[in-house]
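Here's the structure we're looking at; comments come further down.
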Amino acid sequence: MRSATSYFNSTLYRKTLARFWPLWVGYGVIWMFCIPLNMLTAYFDRYSSTAPQRRLTEMAAQLPAFVEPGLYLAGFFAILCAMAVFGYLYNHRSACWTHALPLRREALFTTQYLAGLSFLLLPQLAVAVLTAMIELSFLPMDSWGTALSALGAWLLAQSGICLFFFSFAAFCAMFTGHILALPAFYGILNILADVIYTLIDALMSEFFFGYNGSSGAYRIVQYLTPAYALRDAAWWHSSDNPAHFQSPGTLAAYAAIGVLLALLSLYVYRRRHVETAGDVVAVAIVRPVFKYGVSFCSGLCFGMFTAAFFGWNDMRALIPCILIWAVVGCFVAEMLLRKSFRVLKAWKGAAAMAAVLLVLCLACLLDLFGVSGRVPAPAQVESVQVFAYMGYPNDSGHHLDATIQDPAQIAKIVALHQAIVDHQDQVNTDGYTHDSRFDLDYASLYLTYRLSGGGELSRRYYSILLSGADLNTPGTITCAFKQLLEDRTLVAQTYGFDEFLENGRLTGAHLARVLQDGKLYSEDVYLDDYRQELWDAVQKDFAEGTIGVRYPFDGSAERRRNTYLTDLTFEGFRSYTEVAGPADEPGSYSVTASSSHYLTITLTPNAKHTLAVLEQAGVFAEGYALAPWEALSNDKYPDTFSDGAEAEIVY
């Protein structure tokens with residue numbers, strides 16, 4: 001009678017469990033301390049004022065929160081288990097002896113795979129049983145359902161994570177014949193997607209004007225990086241009803257991928273040659289991938305590092321650095337594959353890789369795909385998140401940080417973006433430079449567009465040159481920037497009038513940089529009794545356009561003629577209370593937190609409502625005056641009033 005094919009050997013399974021018992025015992029002991037022993041310690045804590053059953057109930061409901069730190073523990077032990085059960089593949093003698101046993105390769109792989117997976121799953125199951133016994137023994141019956149369901153959620157999610165990581169480690173084990181290469185491949189492949197994305201993103205940032213990454217591509221990279229995806233998916237929302245993981249579907253998907261990786265590992269194992277024991281890469285078809293992958297990553301990584309280390313910001317220096325390190329990486333990979341230093345004959349592959357990277361760099365340098373010049377049409381933009389410099393004076397309105405949805409405002413943002421792209425020569429991406437002229441200044445602009453098709457476009461521009469000669473020339477950066485400064489709705493958002501008193505109250509007001517006896521007064525003048533009147537007056541003046549006016553240049557005569565040195569600062573106060581535990585339970589408590597925040601606005605000679613309140617408050621009667629720009633040293637600003645303009649001093 002023909003015998004059936006065996007895919008499992010119980011004797012080998014038991015021998016493997018017994019041989020590597022420190023692994024699964026150590027893993028189980030860690031979980032014993034984390035869950036059942038921790039729960040018992042909390043229950044018998046004599047110094048806690050909370051009822052023991054309540055403490056135990058709260059801990060039992062929070063058990064799924066252990067999945068997030070548990071994924072790192074699983075990832076670490078998974079590679080140790082794979083190194084243990086598949087270690088016979090990395091020595092010629094042990095590989096030949098094991099494969100000489102009267103067992104098919106399918107039986108060898110399945111037995112060792114299940115043994116290694118048991119190192120992780122069986123200790124978790126034992127911990128779950130002990131935890132369930134504790135919960136059934138010390139918790140009231142009406143809490144059993146919640147506690148056991150939370151325990152089951154932890155066991156199921158943690159087991160799925162272990163299945164994925166061990167299968168991934170086993171998959172890596174099939175492609176190498178060296179014991180030290182296995183953890184290296186396992187660690188690198190776990191983060192490879194993120195590393196490649198970072199390298200390419202850094203390269204594009206060097207070549208493409210204003211480029212600030214691709215959020216859509218990064219979301220894909222996160223799913224290809226297990227630690228990122230599983231960490232986010234395992235976030236336990238205990239406050240929701242019902243409590244749940246952030247993304248149970250992601251956890252299930254990775255568990256399913258673990259099963260698929262196990263099957264692929266078996267497929268590779270059946271075709272793996274025993275003679276490859278000791279090789280860094282044991283599968284012939286993967287050798288070119290390893291070789292050119294090392295060359296590509298080393299070229300980008302070490303090339304950009306070398307250029308940054310020596311401060312070579314020129315593309316003419318960056319590109320040769322990338323090419324040189326790509327060639328070096330190619331020869332190093334060839335040394336590892338051949339286990340020899342005699343690799344000069346591999347120069348053709350190195351030259352081919354250098355040529356590929358040269359084409360890539362030139363394509364980026366010439367911007368063949370139009371990345372730098374991409375500006376969305378206003379009709380395609382649903383919203384745009386803006387962080388922008390908003391001119392002078394240097395008060396709370398100095399920067400705009402808001403999400404814009406108004407079509408008219410979006411059109412102004414897009415017009416400024418287009419002007420920057422059209423005049424790239426006026427943007428110094430290396431940083432700010434100083435210029436002593438009063439009709440020159442520098443701005444910055446960060447944009448993140450949300451497009452109607454669901455896409456996203458992000459750009460950053462530093463040291464954007466603003467020139468007084470272009471102030472009224474349509475299509476120039478300065479003219480487009482001026483249109484932003486003249487939009488009173490945007491300016492109101494920079495000051496944040498609407499949000500300042502949200503969930504809080506006004507607590508104080510004071511003047512800074514006033515005159516006393518014709519000299520700048522070094523201390524602040526407090527007007528707390530008139531804080532509300534001043535707030536209302538500022539709102540009226542802002543609505544009339546006599547305060548909060550923005551100017552592109554700090555040294556212009558118009559800006560200094562129409563603003564004082566004196567600032568008016570409002571202080572607000574927010575407070576909130578958090579209650580921990582039900583109010584009728586012993587041990588509950590409340591925490592009150594508070595925060596102060598400030599809003600500063602520069603005063604102007606035309607702010608009649610604000611000046612009237614200051615006069616009513618007796619500021620001028622006490623000998624104080626608002627400080628004009630003339631109060632500053634003429635040696636510091638020799639050309640400030642060269643046109644004969646005089647700023648009025650209010651007494």
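A note on labels: chains of the structure tokens are A, B, ... as shown, every chain counts residues from 1, and ligands are counted from 1 in their shown order.
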
### Task
Give me the residues within 8 Å of stretch 19-30 of chain A as an MDAnalysis selection string, counting only C-alpha atoms and dropping any in the same chain fewer than 2 places off.
chainID A and resid 15:17 32:34 77 80:81 84 119:120 123:124 127

### Query
Could you pull the residues within 9 Å of stretch 490-499 of chain A, counting only C-alpha atoms, minus those fewer than 2 positions along the same chain, as a PyMOL selection string?
chain A and resi 390+395-402+404+409+484-488+501-503+539+542+548-550+599-601

### Message
Write out as a ChimeraX atom specification the set of residues from stretch 301-534 of chain A that DSSP, computed on the backbone, places in alpha helix (DSSP H).
### Response
/A:301-309,315-338,347-365,407-422,477-485,488-495,497-500,531-534

Only C-alpha atoms, please: the residues just picked out, written as a PDB file, in the first residue's frame.
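Now in part-v8.pdb:
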```pdb
ATOM      1  CA  CYS A 301      22.810  57.547   1.411  1.00  0.00           C
ATOM      2  CA  PHE A 302      26.565  57.989   1.570  1.00  0.00           C
ATOM      3  CA  GLY A 303      26.652  60.303  -1.436  1.00  0.00           C
ATOM      4  CA  MET A 304      24.288  62.828   0.145  1.00  0.00           C
ATOM      5  CA  PHE A 305      25.990  62.399   3.519  1.00  0.00           C
ATOM      6  CA  THR A 306      29.407  63.119   2.010  1.00  0.00           C
ATOM      7  CA  ALA A 307      28.166  66.230   0.236  1.00  0.00           C
ATOM      8  CA  ALA A 308      26.446  67.474   3.409  1.00  0.00           C
ATOM      9  CA  PHE A 309      29.496  66.696   5.572  1.00  0.00           C
ATOM     10  CA  MET A 315      24.777  69.779  -7.741  1.00  0.00           C
ATOM     11  CA  ARG A 316      28.122  69.464  -9.519  1.00  0.00           C
ATOM     12  CA  ALA A 317      29.542  68.043  -6.289  1.00  0.00           C
ATOM     13  CA  LEU A 318      26.518  66.043  -5.148  1.00  0.00           C
ATOM     14  CA  ILE A 319      26.128  63.991  -8.328  1.00  0.00           C
ATOM     15  CA  PRO A 320      29.776  62.726  -8.401  1.00  0.00           C
ATOM     16  CA  CYS A 321      29.491  61.784  -4.702  1.00  0.00           C
ATOM     17  CA  ILE A 322      26.404  59.704  -5.440  1.00  0.00           C
ATOM     18  CA  LEU A 323      28.066  57.976  -8.395  1.00  0.00           C
ATOM     19  CA  ILE A 324      31.286  57.205  -6.525  1.00  0.00           C
ATOM     20  CA  TRP A 325      29.486  55.682  -3.541  1.00  0.00           C
ATOM     21  CA  ALA A 326      27.218  53.667  -5.844  1.00  0.00           C
ATOM     22  CA  VAL A 327      30.307  52.098  -7.431  1.00  0.00           C
ATOM     23  CA  VAL A 328      31.814  51.425  -3.997  1.00  0.00           C
ATOM     24  CA  GLY A 329      28.558  49.842  -2.810  1.00  0.00           C
ATOM     25  CA  CYS A 330      28.426  47.622  -5.877  1.00  0.00           C
ATOM     26  CA  PHE A 331      31.936  46.271  -5.247  1.00  0.00           C
ATOM     27  CA  VAL A 332      31.221  45.749  -1.525  1.00  0.00           C
ATOM     28  CA  ALA A 333      28.084  43.765  -2.350  1.00  0.00           C
ATOM     29  CA  GLU A 334      30.084  41.684  -4.825  1.00  0.00           C
ATOM     30  CA  MET A 335      32.672  40.949  -2.098  1.00  0.00           C
ATOM     31  CA  LEU A 336      29.933  39.703   0.211  1.00  0.00           C
ATOM     32  CA  LEU A 337      28.438  37.508  -2.489  1.00  0.00           C
ATOM     33  CA  ARG A 338      31.726  35.981  -3.595  1.00  0.00           C
ATOM     34  CA  TRP A 347      33.269  46.645 -13.039  1.00  0.00           C
ATOM     35  CA  LYS A 348      30.617  46.309 -15.746  1.00  0.00           C
ATOM     36  CA  GLY A 349      27.816  46.022 -13.182  1.00  0.00           C
ATOM     37  CA  ALA A 350      29.238  48.946 -11.226  1.00  0.00           C
ATOM     38  CA  ALA A 351      29.421  51.047 -14.368  1.00  0.00           C
ATOM     39  CA  ALA A 352      25.857  50.142 -15.313  1.00  0.00           C
ATOM     40  CA  MET A 353      24.581  51.122 -11.851  1.00  0.00           C
ATOM     41  CA  ALA A 354      26.486  54.413 -12.005  1.00  0.00           C
ATOM     42  CA  ALA A 355      24.933  55.106 -15.407  1.00  0.00           C
ATOM     43  CA  VAL A 356      21.423  54.433 -14.046  1.00  0.00           C
ATOM     44  CA  LEU A 357      21.956  56.815 -11.130  1.00  0.00           C
ATOM     45  CA  LEU A 358      23.461  59.425 -13.458  1.00  0.00           C
ATOM     46  CA  VAL A 359      20.345  59.289 -15.630  1.00  0.00           C
ATOM     47  CA  LEU A 360      18.172  59.564 -12.522  1.00  0.00           C
ATOM     48  CA  CYS A 361      20.112  62.587 -11.256  1.00  0.00           C
ATOM     49  CA  LEU A 362      20.036  64.310 -14.639  1.00  0.00           C
ATOM     50  CA  ALA A 363      16.300  63.685 -14.960  1.00  0.00           C
ATOM     51  CA  CYS A 364      15.816  65.331 -11.575  1.00  0.00           C
ATOM     52  CA  LEU A 365      18.198  68.167 -12.394  1.00  0.00           C
ATOM     53  CA  PRO A 407     -12.020  80.492  -3.110  1.00  0.00           C
ATOM     54  CA  ALA A 408     -10.947  84.141  -3.345  1.00  0.00           C
ATOM     55  CA  GLN A 409      -8.222  83.662  -0.759  1.00  0.00           C
ATOM     56  CA  ILE A 410      -7.119  80.383  -2.365  1.00  0.00           C
ATOM     57  CA  ALA A 411      -6.747  82.268  -5.663  1.00  0.00           C
ATOM     58  CA  LYS A 412      -4.403  84.767  -3.964  1.00  0.00           C
ATOM     59  CA  ILE A 413      -2.344  81.948  -2.447  1.00  0.00           C
ATOM     60  CA  VAL A 414      -2.077  80.202  -5.826  1.00  0.00           C
ATOM     61  CA  ALA A 415      -1.109  83.502  -7.497  1.00  0.00           C
ATOM     62  CA  LEU A 416       1.717  83.951  -4.989  1.00  0.00           C
ATOM     63  CA  HIS A 417       2.808  80.341  -5.529  1.00  0.00           C
ATOM     64  CA  GLN A 418       2.833  80.852  -9.307  1.00  0.00           C
ATOM     65  CA  ALA A 419       4.865  84.049  -8.950  1.00  0.00           C
ATOM     66  CA  ILE A 420       7.448  82.203  -6.845  1.00  0.00           C
ATOM     67  CA  VAL A 421       7.717  79.435  -9.446  1.00  0.00           C
ATOM     68  CA  ASP A 422       8.033  81.965 -12.270  1.00  0.00           C
ATOM     69  CA  ILE A 477       6.377  87.904  -6.021  1.00  0.00           C
ATOM     70  CA  THR A 478       6.249  91.188  -4.134  1.00  0.00           C
ATOM     71  CA  CYS A 479       3.009  92.295  -5.774  1.00  0.00           C
ATOM     72  CA  ALA A 480       1.315  88.947  -5.075  1.00  0.00           C
ATOM     73  CA  PHE A 481       2.610  89.060  -1.523  1.00  0.00           C
ATOM     74  CA  LYS A 482       1.212  92.556  -1.089  1.00  0.00           C
ATOM     75  CA  GLN A 483      -2.258  91.282  -2.066  1.00  0.00           C
ATOM     76  CA  LEU A 484      -2.106  88.822   0.827  1.00  0.00           C
ATOM     77  CA  LEU A 485      -1.202  91.591   3.257  1.00  0.00           C
ATOM     78  CA  ARG A 488      -8.176  91.887   6.029  1.00  0.00           C
ATOM     79  CA  THR A 489      -9.781  88.493   6.622  1.00  0.00           C
ATOM     80  CA  LEU A 490      -6.402  86.767   6.363  1.00  0.00           C
ATOM     81  CA  VAL A 491      -4.810  89.397   8.580  1.00  0.00           C
ATOM     82  CA  ALA A 492      -7.534  88.844  11.191  1.00  0.00           C
ATOM     83  CA  GLN A 493      -6.658  85.145  11.159  1.00  0.00           C
ATOM     84  CA  THR A 494      -3.006  85.927  11.812  1.00  0.00           C
ATOM     85  CA  TYR A 495      -3.934  87.831  14.976  1.00  0.00           C
ATOM     86  CA  PHE A 497      -9.043  87.586  17.482  1.00  0.00           C
ATOM     87  CA  ASP A 498     -11.837  84.999  17.292  1.00  0.00           C
ATOM     88  CA  GLU A 499      -9.857  82.254  19.026  1.00  0.00           C
ATOM     89  CA  PHE A 500      -8.185  84.400  21.681  1.00  0.00           C
ATOM     90  CA  ARG A 531      -8.721  95.740  29.347  1.00  0.00           C
ATOM     91  CA  GLN A 532     -12.251  95.164  28.045  1.00  0.00           C
ATOM     92  CA  GLU A 533     -12.625  98.732  26.781  1.00  0.00           C
ATOM     93  CA  LEU A 534      -9.275  98.449  24.993  1.00  0.00           C
TER      94      LEU A 534
END
```

#### Entry: Spatial neighbours of A:Asp441, max dist 7 Å, only C-alpha atoms, sep filter under 2 positions, as a list in words
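In the requested format, the answer is Asp439, Ala443, Leu465, Leu466, Ser467 and Phe553 of chain A.
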
Store the residues picked out above in a file with N, CA, C and O atoms, as a PDB file, in the first residue's frame.
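The result, written out as result-v3.pdb:
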```pdb
ATOM      1  N   ASP A 439      14.163  98.714   1.163  1.00  0.00           N
ATOM      2  CA  ASP A 439      13.150  98.250   0.233  1.00  0.00           C
ATOM      3  C   ASP A 439      13.406  96.809  -0.209  1.00  0.00           C
ATOM      4  O   ASP A 439      12.933  96.365  -1.241  1.00  0.00           O
ATOM      5  N   ALA A 443      10.924  86.654   2.785  1.00  0.00           N
ATOM      6  CA  ALA A 443       9.732  86.012   3.335  1.00  0.00           C
ATOM      7  C   ALA A 443       9.882  84.501   3.213  1.00  0.00           C
ATOM      8  O   ALA A 443      10.810  83.987   2.578  1.00  0.00           O
ATOM      9  N   LEU A 465      12.814  86.590  -1.915  1.00  0.00           N
ATOM     10  CA  LEU A 465      13.226  87.991  -2.003  1.00  0.00           C
ATOM     11  C   LEU A 465      12.035  88.886  -2.333  1.00  0.00           C
ATOM     12  O   LEU A 465      11.316  88.654  -3.303  1.00  0.00           O
ATOM     13  N   LEU A 466      11.839  89.910  -1.508  1.00  0.00           N
ATOM     14  CA  LEU A 466      10.830  90.935  -1.759  1.00  0.00           C
ATOM     15  C   LEU A 466      11.538  92.234  -2.089  1.00  0.00           C
ATOM     16  O   LEU A 466      12.424  92.675  -1.342  1.00  0.00           O
ATOM     17  N   SER A 467      11.153  92.833  -3.197  1.00  0.00           N
ATOM     18  CA  SER A 467      11.807  94.051  -3.654  1.00  0.00           C
ATOM     19  C   SER A 467      10.781  95.166  -3.808  1.00  0.00           C
ATOM     20  O   SER A 467       9.701  94.962  -4.386  1.00  0.00           O
ATOM     21  N   PHE A 553       7.819  95.878   4.093  1.00  0.00           N
ATOM     22  CA  PHE A 553       9.186  96.280   4.411  1.00  0.00           C
ATOM     23  C   PHE A 553       9.213  97.019   5.741  1.00  0.00           C
ATOM     24  O   PHE A 553       8.428  97.947   5.967  1.00  0.00           O
TER      25      PHE A 553
END
```

### Task
Excluding A:Leu451 and any residue of its chain fewer than 2 positions from it, enumerate the residues within 6 Å of it, using only C-alpha atoms, and give them as a list in words.
Gln380, Val381, Glu382, Tyr449, Gly453, Gly454, Gly455 and Glu456 of chain A

Skip stretch 267-282 of chain A itself and residues of its chain fewer than 5 positions away, then list as an mmCIF file with all heavy atoms, in the first residue's frame all residues within 8 Å of it, counting only C-alpha atoms.
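The result, stored in selection_19.cif:
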```
data_model
loop_
_atom_site.group_PDB
_atom_site.id
_atom_site.type_symbol
_atom_site.label_atom_id
_atom_site.label_comp_id
_atom_site.auth_asym_id
_atom_site.auth_seq_id
_atom_site.Cartn_x
_atom_site.Cartn_y
_atom_site.Cartn_z
ATOM 1 N N LEU A 89 20.490 25.513 8.623
ATOM 2 C CA LEU A 89 20.704 25.841 7.215
ATOM 3 C C LEU A 89 22.010 26.593 6.972
ATOM 4 O O LEU A 89 22.416 26.746 5.825
ATOM 5 C CB LEU A 89 19.542 26.694 6.694
ATOM 6 C CG LEU A 89 18.164 26.031 6.646
ATOM 7 C CD1 LEU A 89 17.108 27.060 6.252
ATOM 8 C CD2 LEU A 89 18.169 24.865 5.661
ATOM 9 N N TYR A 90 22.682 27.046 8.030
ATOM 10 C CA TYR A 90 23.797 27.971 7.864
ATOM 11 C C TYR A 90 25.157 27.333 8.136
ATOM 12 O O TYR A 90 26.150 28.030 8.298
ATOM 13 C CB TYR A 90 23.587 29.185 8.780
ATOM 14 C CG TYR A 90 22.212 29.800 8.582
ATOM 15 C CD1 TYR A 90 21.398 30.096 9.664
ATOM 16 C CD2 TYR A 90 21.722 30.042 7.309
ATOM 17 C CE1 TYR A 90 20.132 30.633 9.471
ATOM 18 C CE2 TYR A 90 20.469 30.569 7.104
ATOM 19 C CZ TYR A 90 19.672 30.861 8.194
ATOM 20 O OH TYR A 90 18.426 31.381 7.993
ATOM 21 N N ASN A 91 25.172 25.988 8.229
ATOM 22 C CA ASN A 91 26.424 25.256 8.410
ATOM 23 C C ASN A 91 26.384 24.030 7.508
ATOM 24 O O ASN A 91 25.385 23.306 7.482
ATOM 25 C CB ASN A 91 26.578 24.845 9.883
ATOM 26 C CG ASN A 91 27.862 24.086 10.131
ATOM 27 O OD1 ASN A 91 27.906 22.865 9.953
ATOM 28 N ND2 ASN A 91 28.897 24.798 10.555
ATOM 29 N N HIS A 92 27.451 23.808 6.763
ATOM 30 C CA HIS A 92 27.460 22.714 5.786
ATOM 31 C C HIS A 92 27.179 21.371 6.448
ATOM 32 O O HIS A 92 26.369 20.572 5.945
ATOM 33 C CB HIS A 92 28.821 22.671 5.079
ATOM 34 C CG HIS A 92 28.973 23.709 4.011
ATOM 35 N ND1 HIS A 92 28.355 23.609 2.791
ATOM 36 C CD2 HIS A 92 29.675 24.875 3.996
ATOM 37 C CE1 HIS A 92 28.669 24.679 2.052
ATOM 38 N NE2 HIS A 92 29.473 25.457 2.759
ATOM 39 N N ALA A 95 23.536 21.175 7.806
ATOM 40 C CA ALA A 95 22.580 21.189 6.708
ATOM 41 C C ALA A 95 22.535 19.835 6.005
ATOM 42 O O ALA A 95 21.455 19.300 5.711
ATOM 43 C CB ALA A 95 22.941 22.290 5.710
ATOM 44 N N CYS A 96 23.701 19.260 5.739
ATOM 45 C CA CYS A 96 23.739 17.958 5.070
ATOM 46 C C CYS A 96 23.168 16.862 5.969
ATOM 47 O O CYS A 96 22.429 15.983 5.505
ATOM 48 C CB CYS A 96 25.169 17.619 4.672
ATOM 49 S SG CYS A 96 25.841 18.708 3.386
ATOM 50 N N ARG A 105 11.355 17.493 2.555
ATOM 51 C CA ARG A 105 11.610 18.899 2.874
ATOM 52 C C ARG A 105 10.350 19.579 3.409
ATOM 53 O O ARG A 105 10.432 20.463 4.263
ATOM 54 C CB ARG A 105 12.119 19.640 1.642
ATOM 55 C CG ARG A 105 13.545 19.310 1.282
ATOM 56 C CD ARG A 105 14.187 20.426 0.484
ATOM 57 N NE ARG A 105 15.603 20.196 0.302
ATOM 58 C CZ ARG A 105 16.460 21.124 -0.131
ATOM 59 N NH1 ARG A 105 16.008 22.337 -0.434
ATOM 60 N NH2 ARG A 105 17.737 20.840 -0.272
ATOM 61 N N GLU A 106 9.205 19.185 2.901
ATOM 62 C CA GLU A 106 7.963 19.770 3.397
ATOM 63 C C GLU A 106 7.783 19.497 4.885
ATOM 64 O O GLU A 106 7.368 20.371 5.656
ATOM 65 C CB GLU A 106 6.767 19.213 2.620
ATOM 66 C CG GLU A 106 6.699 19.647 1.173
ATOM 67 C CD GLU A 106 7.537 18.766 0.267
ATOM 68 O OE1 GLU A 106 8.309 17.933 0.798
ATOM 69 O OE2 GLU A 106 7.443 18.915 -0.970
ATOM 70 N N PHE A 109 10.413 21.596 6.941
ATOM 71 C CA PHE A 109 10.058 23.012 7.064
ATOM 72 C C PHE A 109 8.841 23.200 7.964
ATOM 73 O O PHE A 109 8.844 24.050 8.870
ATOM 74 C CB PHE A 109 9.775 23.607 5.686
ATOM 75 C CG PHE A 109 9.287 25.026 5.754
ATOM 76 C CD1 PHE A 109 10.183 26.076 5.850
ATOM 77 C CD2 PHE A 109 7.922 25.309 5.746
ATOM 78 C CE1 PHE A 109 9.731 27.380 5.936
ATOM 79 C CE2 PHE A 109 7.462 26.613 5.822
ATOM 80 C CZ PHE A 109 8.371 27.655 5.922
ATOM 81 N N MET A 174 15.049 31.905 4.465
ATOM 82 C CA MET A 174 15.171 31.063 3.279
ATOM 83 C C MET A 174 16.114 31.645 2.233
ATOM 84 O O MET A 174 16.574 30.918 1.343
ATOM 85 C CB MET A 174 13.790 30.858 2.639
ATOM 86 C CG MET A 174 12.783 30.140 3.525
ATOM 87 S SD MET A 174 13.330 28.508 4.078
ATOM 88 C CE MET A 174 13.755 28.835 5.792
ATOM 89 N N PHE A 175 16.426 32.916 2.330
ATOM 90 C CA PHE A 175 17.221 33.570 1.282
ATOM 91 C C PHE A 175 18.684 33.770 1.654
ATOM 92 O O PHE A 175 19.437 34.327 0.868
ATOM 93 C CB PHE A 175 16.608 34.928 0.935
ATOM 94 C CG PHE A 175 15.311 34.824 0.183
ATOM 95 C CD1 PHE A 175 14.108 34.792 0.856
ATOM 96 C CD2 PHE A 175 15.297 34.722 -1.199
ATOM 97 C CE1 PHE A 175 12.912 34.683 0.173
ATOM 98 C CE2 PHE A 175 14.107 34.609 -1.896
ATOM 99 C CZ PHE A 175 12.903 34.585 -1.208
ATOM 100 N N THR A 176 19.061 33.358 2.832
ATOM 101 C CA THR A 176 20.447 33.542 3.229
ATOM 102 C C THR A 176 21.000 32.233 3.766
ATOM 103 O O THR A 176 20.256 31.372 4.255
ATOM 104 C CB THR A 176 20.585 34.640 4.301
ATOM 105 O OG1 THR A 176 21.953 34.796 4.649
ATOM 106 C CG2 THR A 176 19.792 34.303 5.552
ATOM 107 N N GLY A 177 22.306 32.094 3.685
ATOM 108 C CA GLY A 177 22.976 30.920 4.215
ATOM 109 C C GLY A 177 23.919 31.262 5.337
ATOM 110 O O GLY A 177 24.751 30.430 5.722
ATOM 111 N N HIS A 178 23.812 32.478 5.877
ATOM 112 C CA HIS A 178 24.707 32.923 6.947
ATOM 113 C C HIS A 178 23.879 33.365 8.141
ATOM 114 O O HIS A 178 22.930 34.146 7.993
ATOM 115 C CB HIS A 178 25.586 34.068 6.446
ATOM 116 C CG HIS A 178 26.818 34.277 7.273
ATOM 117 N ND1 HIS A 178 26.795 34.847 8.521
ATOM 118 C CD2 HIS A 178 28.121 33.978 7.017
ATOM 119 C CE1 HIS A 178 28.022 34.899 9.005
ATOM 120 N NE2 HIS A 178 28.847 34.372 8.107
ATOM 121 N N ALA A 181 23.706 37.085 8.684
ATOM 122 C CA ALA A 181 22.993 37.830 7.651
ATOM 123 C C ALA A 181 21.487 37.817 7.887
ATOM 124 O O ALA A 181 20.784 38.747 7.474
ATOM 125 C CB ALA A 181 23.307 37.244 6.275
ATOM 126 N N ARG A 287 20.449 37.326 -5.937
ATOM 127 C CA ARG A 287 21.787 37.912 -5.867
ATOM 128 C C ARG A 287 21.878 39.255 -6.613
ATOM 129 O O ARG A 287 22.414 40.222 -6.071
ATOM 130 C CB ARG A 287 22.826 36.923 -6.422
ATOM 131 C CG ARG A 287 23.089 35.760 -5.495
ATOM 132 C CD ARG A 287 23.973 34.695 -6.139
ATOM 133 N NE ARG A 287 24.347 33.676 -5.177
ATOM 134 C CZ ARG A 287 25.511 33.623 -4.546
ATOM 135 N NH1 ARG A 287 26.439 34.538 -4.802
ATOM 136 N NH2 ARG A 287 25.764 32.675 -3.681
ATOM 137 N N PHE A 290 20.136 41.912 -4.554
ATOM 138 C CA PHE A 290 20.953 42.314 -3.411
ATOM 139 C C PHE A 290 22.094 43.230 -3.841
ATOM 140 O O PHE A 290 22.335 44.282 -3.229
ATOM 141 C CB PHE A 290 21.500 41.065 -2.717
ATOM 142 C CG PHE A 290 22.519 41.356 -1.652
ATOM 143 C CD1 PHE A 290 22.127 41.780 -0.399
ATOM 144 C CD2 PHE A 290 23.873 41.212 -1.910
ATOM 145 C CE1 PHE A 290 23.069 42.050 0.593
ATOM 146 C CE2 PHE A 290 24.828 41.480 -0.937
ATOM 147 C CZ PHE A 290 24.422 41.899 0.324
ATOM 148 N N LEU A 336 30.736 40.520 -0.689
ATOM 149 C CA LEU A 336 29.933 39.703 0.211
ATOM 150 C C LEU A 336 29.382 38.474 -0.507
ATOM 151 O O LEU A 336 29.310 37.379 0.071
ATOM 152 C CB LEU A 336 28.775 40.542 0.777
ATOM 153 C CG LEU A 336 29.169 41.679 1.718
ATOM 154 C CD1 LEU A 336 27.953 42.521 2.078
ATOM 155 C CD2 LEU A 336 29.819 41.125 2.981
ATOM 156 N N LEU A 337 28.994 38.627 -1.743
ATOM 157 C CA LEU A 337 28.438 37.508 -2.489
ATOM 158 C C LEU A 337 29.497 36.457 -2.813
ATOM 159 O O LEU A 337 29.245 35.252 -2.706
ATOM 160 C CB LEU A 337 27.780 38.005 -3.778
ATOM 161 C CG LEU A 337 26.510 38.851 -3.619
ATOM 162 C CD1 LEU A 337 26.052 39.384 -4.962
ATOM 163 C CD2 LEU A 337 25.398 38.026 -2.976
ATOM 164 N N LYS A 339 32.475 36.251 -1.304
ATOM 165 C CA LYS A 339 33.336 36.001 -0.136
ATOM 166 C C LYS A 339 34.815 36.095 -0.531
ATOM 167 O O LYS A 339 35.640 35.261 -0.167
ATOM 168 C CB LYS A 339 33.022 34.640 0.484
ATOM 169 C CG LYS A 339 31.620 34.550 1.070
ATOM 170 C CD LYS A 339 31.331 33.201 1.705
ATOM 171 C CE LYS A 339 31.158 32.151 0.634
ATOM 172 N NZ LYS A 339 30.743 30.837 1.226
#
```

### Query
Which distance in Å separates atom CA of A:Pro52 and atom CA of A:Ser137, to one decimal?
12.7 Å

#### Entry: Atom-to-atom span, atom CA of A:Leu506 and atom CA of A:Glu571, Å
6.2 Å

### Message
Neighbouring residues of stretch 516-521 of chain A were defined as those with any atom within 8 Å, considering only C-alpha atoms; residues of the same chain fewer than 4 positions away were excluded. Please report them as a PyMOL selection string.
### Response
chain A and resi 623-625+627+631

Got time to write the residues from that selection, C-alpha atoms, as an mmCIF file, in the first residue's frame?
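Final output, saved to again06.cif:
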```
data_model
loop_
_atom_site.group_PDB
_atom_site.id
_atom_site.type_symbol
_atom_site.label_atom_id
_atom_site.label_comp_id
_atom_site.auth_asym_id
_atom_site.auth_seq_id
_atom_site.Cartn_x
_atom_site.Cartn_y
_atom_site.Cartn_z
ATOM 1 C CA GLY A 623 3.292 111.797 31.458
ATOM 2 C CA TYR A 624 3.477 108.821 29.106
ATOM 3 C CA ALA A 625 3.443 109.063 25.316
ATOM 4 C CA ALA A 627 6.774 106.226 20.981
ATOM 5 C CA ALA A 631 12.612 107.735 19.348
#
```

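When atom CA of A:Ser595 is paired with atom CA of A:Arg505, their separation reads 11.1 Å.
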
### Query
Among stretch 140-286 of chain A, which residues carry a DSSP assignment of strand (DSSP E or B), reported as a list in words?
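After running DSSP on the backbone, stretch 140-286 of chain A has strand (DSSP E or B) at Tyr211, Trp236, His237, His244 and Phe245 of chain A.
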